Amino acid sequence: MGEPILHITNGDSTTNYLQKLKFSGEFITWREMLCEGKTTADVGSEAFWKNRFDFFKTTYKVSKRKFINYTLKEYRNLCKNKNQKEIVLWFEHDLFCQINMLAVISWLKRYRKGYHISLVCSGKLGNSKKMFSLPELNEKQLNSHFKNRVELTQDDIEYADYIWQLYCSDSPLRLETIYKFNPMSPFQYLATAIEAHLQRFPSINNGLNTLENTILKTANTQKITSKKQLISILTKKEDIYGFGDLQYENNINTLGNLFSSFNPVKLSKKGKEVLANQLNFYGQIRNDISYLGGSKKYSFLYQNDTKKLLQITT
């Protein structure tokens, strides 16, 4: 018998799949989405969870009871599981998973010093262009991923924690300069995810970020009959984000009057002008409560030509 293992997974579908395949060990599901809303570097602290609850309550109308039962109870189970000296992390290639992964590693660095930590990460498979989620792998593929899991060195753990600290800082500018420069990193999907994150700041061209522009472009170039169909197209097409229906619905609702109709889906005159960069929507969409990590979303602009961020000084 090997040492007992603690599996920390990216979601319930992965946990259920691993249990169905009779993987041995204890399971913790990390039920968070730290790629959205304000984050602080002190994962697990009272201030950290207060910030997170405030975000979920404001943005997604999540009740305190649901937050406690869904997220906090599972986190408390993680705190109690100290007996397994081997911890296996199961995360995917997308932004949603990669940011959660950084936070978990940061927590492990602080509270599980000296434990044996390894990583299973799904994404590319052979020569396929499609990126695969963990539950999309068959039993043989999943076992192969598990067998070939990456052992994280102390340097790897320090690096992930450092990127997490930068993600939670009040400026993304340091993250922008540093994230590409670790060719030896075992986190093969992290740089692409961070790149997608940096492009979530509003474009200098029209005040919308890359995803918001993609939503408008998709709506304008395809015959889409409903908001539900638009969301379905986006979840399949924009797999770098790892977003589900809730996140896309929230993004679409933010764009409000740039649409004239959702049955069928049509852009308003203003929406078409913004998409064509004839009108800058920054002044109308800007607010002081939207955060990306530790940074205010509307305090920085993304320059599409140089692919660099610009800080707005007031």
# chains A, B, ... in the order shown; residues from 1 in each chain; ligands from 1
>>> select_by_dssp(residues="stretch 196-271 of chain A", states="strand (DSSP E)", output="list in words")
Phe259, Ser260, Ser261, Phe262, Val265, Lys266 and Leu267 of chain A
>>> closest_atom_pairs(of="stretch 197-261 of chain A", to="stretch 163-176 of chain A", cutoff="12 Å", atoms="only C-alpha atoms", output="tab-separated table")
residue	atom	partner	partner_atom	distance
A:His197	CA	A:Tyr167	CA	9.4
A:Leu198	CA	A:Glu176	CA	7.3
A:Gln199	CA	A:Glu176	CA	10.5
A:Arg200	CA	A:Pro172	CA	11.1
A:Phe201	CA	A:Pro172	CA	9.6
>>> closest_atom_pairs(of="stretch 87-140 of chain A", to="stretch 35-39 of chain A", cutoff="10 Å", atoms="only C-alpha atoms", output="JSON lines")
{"residue": "A:Leu95", "atom": "CA", "partner": "A:Cys35", "partner_atom": "CA", "distance": 6.8}
{"residue": "A:Phe96", "atom": "CA", "partner": "A:Cys35", "partner_atom": "CA", "distance": 5.5}
{"residue": "A:Cys97", "atom": "CA", "partner": "A:Cys35", "partner_atom": "CA", "distance": 8.3}
{"residue": "A:Gln98", "atom": "CA", "partner": "A:Cys35", "partner_atom": "CA", "distance": 8.5}
{"residue": "A:Ile99", "atom": "CA", "partner": "A:Cys35", "partner_atom": "CA", "distance": 5.8}
{"residue": "A:Asn100", "atom": "CA", "partner": "A:Cys35", "partner_atom": "CA", "distance": 7.3}
{"residue": "A:Ala103", "atom": "CA", "partner": "A:Thr39", "partner_atom": "CA", "distance": 9.6}
>>> write_last_selection(atoms="C-alpha atoms", output="PDB file, in the first residue's frame")
ATOM      1  CA  LEU A  95      -7.731  30.968 -16.634  1.00  0.00           C
ATOM      2  CA  PHE A  96     -10.441  29.895 -14.165  1.00  0.00           C
ATOM      3  CA  CYS A  97      -8.427  26.829 -13.094  1.00  0.00           C
ATOM      4  CA  GLN A  98      -4.947  28.317 -13.263  1.00  0.00           C
ATOM      5  CA  ILE A  99      -5.774  31.187 -10.890  1.00  0.00           C
ATOM      6  CA  ASN A 100      -7.466  28.785  -8.459  1.00  0.00           C
ATOM      7  CA  ALA A 103      -4.173  30.239  -4.703  1.00  0.00           C
TER       8      ALA A 103
END
>>> residues_around(residues="A:Leu301", least_positions_apart="2", cutoff="9 Å", atoms="only C-alpha atoms", output="mmCIF file with N, CA and C atoms, in the first residue's frame")
data_model
loop_
_atom_site.group_PDB
_atom_site.id
_atom_site.type_symbol
_atom_site.label_atom_id
_atom_site.label_comp_id
_atom_site.auth_asym_id
_atom_site.auth_seq_id
_atom_site.Cartn_x
_atom_site.Cartn_y
_atom_site.Cartn_z
ATOM 1 N N PHE A 201 -8.371 43.698 -18.956
ATOM 2 C CA PHE A 201 -8.438 45.139 -18.678
ATOM 3 C C PHE A 201 -8.963 45.830 -19.940
ATOM 4 N N PRO A 202 -9.661 46.957 -19.791
ATOM 5 C CA PRO A 202 -10.314 47.582 -20.953
ATOM 6 C C PRO A 202 -9.323 48.050 -22.014
ATOM 7 N N SER A 203 -9.718 47.868 -23.258
ATOM 8 C CA SER A 203 -8.878 48.296 -24.376
ATOM 9 C C SER A 203 -8.905 49.816 -24.503
ATOM 10 N N ILE A 204 -7.758 50.365 -24.839
ATOM 11 C CA ILE A 204 -7.648 51.811 -25.061
ATOM 12 C C ILE A 204 -8.490 52.223 -26.280
ATOM 13 N N GLY A 207 -12.687 50.907 -24.818
ATOM 14 C CA GLY A 207 -13.114 50.802 -23.419
ATOM 15 C C GLY A 207 -13.613 49.435 -23.002
ATOM 16 N N ASN A 209 -12.921 45.158 -22.883
ATOM 17 C CA ASN A 209 -11.786 44.236 -22.908
ATOM 18 C C ASN A 209 -11.954 43.203 -24.023
ATOM 19 N N LYS A 297 -10.219 47.144 -12.127
ATOM 20 C CA LYS A 297 -10.289 46.871 -13.569
ATOM 21 C C LYS A 297 -10.143 48.136 -14.407
ATOM 22 N N TYR A 298 -10.745 49.235 -13.951
ATOM 23 C CA TYR A 298 -10.784 50.434 -14.791
ATOM 24 C C TYR A 298 -9.691 51.448 -14.459
ATOM 25 N N SER A 299 -8.670 50.997 -13.710
ATOM 26 C CA SER A 299 -7.515 51.869 -13.449
ATOM 27 C C SER A 299 -6.380 51.619 -14.436
ATOM 28 N N GLN A 303 -3.265 48.311 -24.278
ATOM 29 C CA GLN A 303 -2.929 48.867 -25.600
ATOM 30 C C GLN A 303 -2.789 47.711 -26.591
ATOM 31 N N LYS A 308 0.537 46.032 -24.213
ATOM 32 C CA LYS A 308 1.012 46.466 -22.892
ATOM 33 C C LYS A 308 -0.102 47.212 -22.161
ATOM 34 N N LEU A 309 0.010 47.202 -20.832
ATOM 35 C CA LEU A 309 -0.966 47.923 -20.009
ATOM 36 C C LEU A 309 -0.468 49.316 -19.675
ATOM 37 N N LEU A 310 -1.410 50.201 -19.517
ATOM 38 C CA LEU A 310 -1.119 51.595 -19.204
ATOM 39 C C LEU A 310 -1.909 51.951 -17.950
ATOM 40 N N GLN A 311 -1.229 52.514 -16.968
ATOM 41 C CA GLN A 311 -1.947 52.906 -15.749
ATOM 42 C C GLN A 311 -2.580 54.277 -15.939
ATOM 43 N N ILE A 312 -3.830 54.398 -15.499
ATOM 44 C CA ILE A 312 -4.512 55.693 -15.572
ATOM 45 C C ILE A 312 -4.251 56.432 -14.276
#
>>> closest_residue(among="A:Asn138, A:Ser128, A:Asn220, A:Thr153", to="A:His116", atoms="only C-alpha atoms")
A:Thr153
>>> closest_residue(among="A:Leu246, A:Leu255, A:Leu89, A:Leu137", to="A:Phe56", atoms="only C-alpha atoms")
A:Leu246
>>> closest_residue(among="A:Thr221, A:Asn10, A:Tyr302, A:Leu216", to="A:Val274", atoms="only C-alpha atoms")
A:Leu216
>>> closest_residue(among="A:Gly242, A:Thr192, A:Leu18, A:Met131", to="A:Phe146", atoms="only C-alpha atoms")
A:Leu18
>>> decode(residues="stretch 20-162 of chain A", atoms="C-alpha atoms", output="CSV table (one decimal), in the first residue's frame")
chain,number,residue,atom,x,y,z
A,20,LYS,CA,-16.2,6.8,-10.0
A,21,LEU,CA,-12.9,5.5,-11.4
A,22,LYS,CA,-12.0,4.3,-7.8
A,23,PHE,CA,-9.0,6.6,-7.2
A,24,SER,CA,-7.9,6.0,-3.6
A,25,GLY,CA,-7.5,8.8,-1.1
A,26,GLU,CA,-9.4,11.7,0.3
A,27,PHE,CA,-11.0,14.3,-1.9
A,28,ILE,CA,-11.4,18.1,-1.5
A,29,THR,CA,-13.1,20.2,-4.2
A,30,TRP,CA,-11.9,23.7,-4.5
A,31,ARG,CA,-15.2,25.5,-5.1
A,32,GLU,CA,-14.1,29.0,-5.9
A,33,MET,CA,-13.6,31.2,-9.0
A,34,LEU,CA,-10.7,33.5,-8.0
A,35,CYS,CA,-10.3,34.7,-11.6
A,36,GLU,CA,-13.3,37.0,-10.9
A,37,GLY,CA,-13.8,39.6,-8.2
A,38,LYS,CA,-11.4,41.0,-5.6
A,39,THR,CA,-8.7,38.7,-4.2
A,40,THR,CA,-6.2,39.2,-1.4
A,41,ALA,CA,-3.0,37.2,-1.1
A,42,ASP,CA,-3.8,35.7,2.4
A,43,VAL,CA,-5.8,32.7,1.1
A,44,GLY,CA,-8.1,31.3,3.8
A,45,SER,CA,-7.9,34.2,6.2
A,46,GLU,CA,-11.1,35.9,7.5
A,47,ALA,CA,-10.5,39.0,5.4
A,48,PHE,CA,-10.0,36.8,2.3
A,49,TRP,CA,-13.3,35.0,2.7
A,50,LYS,CA,-15.1,38.2,3.6
A,51,ASN,CA,-13.9,39.7,0.3
A,52,ARG,CA,-15.0,36.7,-1.6
A,53,PHE,CA,-18.5,36.5,0.0
A,54,ASP,CA,-19.0,40.2,-0.7
A,55,PHE,CA,-18.2,39.6,-4.3
A,56,PHE,CA,-20.5,36.6,-4.7
A,57,LYS,CA,-23.3,38.4,-2.9
A,58,THR,CA,-23.1,41.5,-5.0
A,59,THR,CA,-22.4,39.9,-8.4
A,60,TYR,CA,-24.2,36.6,-8.3
A,61,LYS,CA,-26.7,37.1,-5.4
A,62,VAL,CA,-25.2,34.2,-3.5
A,63,SER,CA,-26.7,33.9,0.0
A,64,LYS,CA,-24.5,33.5,3.1
A,65,ARG,CA,-25.9,30.0,3.8
A,66,LYS,CA,-25.1,28.9,0.2
A,67,PHE,CA,-21.6,30.3,0.4
A,68,ILE,CA,-20.9,28.6,3.8
A,69,ASN,CA,-22.4,25.2,2.7
A,70,TYR,CA,-20.9,25.2,-0.8
A,71,THR,CA,-17.4,26.8,-0.4
A,72,LEU,CA,-16.5,27.3,3.2
A,73,LYS,CA,-17.4,23.8,4.5
A,74,GLU,CA,-15.2,22.3,1.8
A,75,TYR,CA,-12.4,24.7,2.7
A,76,ARG,CA,-12.7,23.7,6.4
A,77,ASN,CA,-12.4,20.0,5.3
A,78,LEU,CA,-9.2,20.9,3.6
A,79,CYS,CA,-7.9,22.5,6.9
A,80,LYS,CA,-8.7,19.3,8.8
A,81,ASN,CA,-7.0,17.0,6.3
A,82,LYS,CA,-3.4,16.9,7.6
A,83,ASN,CA,-2.7,13.2,7.7
A,84,GLN,CA,-1.9,12.7,4.0
A,85,LYS,CA,1.7,13.6,3.3
A,86,GLU,CA,1.1,13.4,-0.5
A,87,ILE,CA,-1.2,16.0,-2.1
A,88,VAL,CA,-2.2,15.8,-5.7
A,89,LEU,CA,-3.6,18.9,-7.4
A,90,TRP,CA,-6.1,18.4,-10.3
A,91,PHE,CA,-6.5,21.5,-12.4
A,92,GLU,CA,-7.1,22.4,-16.1
A,93,HIS,CA,-5.4,24.7,-18.6
A,94,ASP,CA,-7.9,27.7,-18.5
A,95,LEU,CA,-7.7,31.0,-16.6
A,96,PHE,CA,-10.4,29.9,-14.2
A,97,CYS,CA,-8.4,26.8,-13.1
A,98,GLN,CA,-4.9,28.3,-13.3
A,99,ILE,CA,-5.8,31.2,-10.9
A,100,ASN,CA,-7.5,28.8,-8.5
A,101,MET,CA,-4.4,26.6,-8.7
A,102,LEU,CA,-2.0,29.4,-7.8
A,103,ALA,CA,-4.2,30.2,-4.7
A,104,VAL,CA,-4.2,26.6,-3.5
A,105,ILE,CA,-0.4,26.3,-3.9
A,106,SER,CA,0.0,29.6,-2.0
A,107,TRP,CA,-2.1,28.1,0.8
A,108,LEU,CA,-0.2,24.9,0.8
A,109,LYS,CA,3.1,26.7,1.0
A,110,ARG,CA,1.9,28.4,4.2
A,111,TYR,CA,0.1,25.6,5.9
A,112,ARG,CA,1.5,22.3,4.5
A,113,LYS,CA,5.3,22.9,4.6
A,114,GLY,CA,7.3,19.7,3.7
A,115,TYR,CA,4.4,17.9,2.2
A,116,HIS,CA,4.8,16.1,-1.1
A,117,ILE,CA,2.8,18.1,-3.7
A,118,SER,CA,2.3,17.1,-7.3
A,119,LEU,CA,0.2,18.4,-10.2
A,120,VAL,CA,-2.1,16.8,-12.8
A,121,CYS,CA,-3.0,19.4,-15.5
A,122,SER,CA,-5.2,18.7,-18.5
A,123,GLY,CA,-5.2,20.6,-21.8
A,124,LYS,CA,-3.3,19.4,-24.8
A,125,LEU,CA,-3.6,15.8,-25.9
A,126,GLY,CA,-1.4,14.5,-28.6
A,127,ASN,CA,-1.7,16.5,-31.8
A,128,SER,CA,-5.3,17.6,-31.2
A,129,LYS,CA,-6.0,21.3,-31.3
A,130,LYS,CA,-8.8,20.9,-28.9
A,131,MET,CA,-8.0,21.5,-25.2
A,132,PHE,CA,-9.4,18.8,-22.9
A,133,SER,CA,-10.9,19.2,-19.5
A,134,LEU,CA,-10.2,16.4,-16.9
A,135,PRO,CA,-13.7,14.8,-17.1
A,136,GLU,CA,-13.3,14.6,-20.9
A,137,LEU,CA,-10.3,12.2,-20.6
A,138,ASN,CA,-11.1,8.5,-20.7
A,139,GLU,CA,-9.9,6.2,-17.9
A,140,LYS,CA,-6.7,5.3,-19.7
A,141,GLN,CA,-5.8,8.9,-20.4
A,142,LEU,CA,-6.6,10.0,-16.9
A,143,ASN,CA,-4.5,7.2,-15.4
A,144,SER,CA,-1.7,8.2,-17.7
A,145,HIS,CA,-1.9,11.9,-16.6
A,146,PHE,CA,-1.9,10.7,-13.0
A,147,LYS,CA,1.1,8.4,-13.5
A,148,ASN,CA,3.0,11.3,-15.2
A,149,ARG,CA,2.0,13.9,-12.7
A,150,VAL,CA,4.6,16.7,-12.1
A,151,GLU,CA,6.3,16.7,-8.7
A,152,LEU,CA,6.5,20.3,-7.5
A,153,THR,CA,9.8,21.4,-6.1
A,154,GLN,CA,10.1,24.1,-3.4
A,155,ASP,CA,11.2,26.5,-6.2
A,156,ASP,CA,8.0,25.7,-8.2
A,157,ILE,CA,5.9,26.3,-5.1
A,158,GLU,CA,7.7,29.6,-4.4
A,159,TYR,CA,7.1,30.6,-8.0
A,160,ALA,CA,3.4,29.9,-8.0
A,161,ASP,CA,3.1,31.8,-4.7
A,162,TYR,CA,5.0,34.7,-6.2
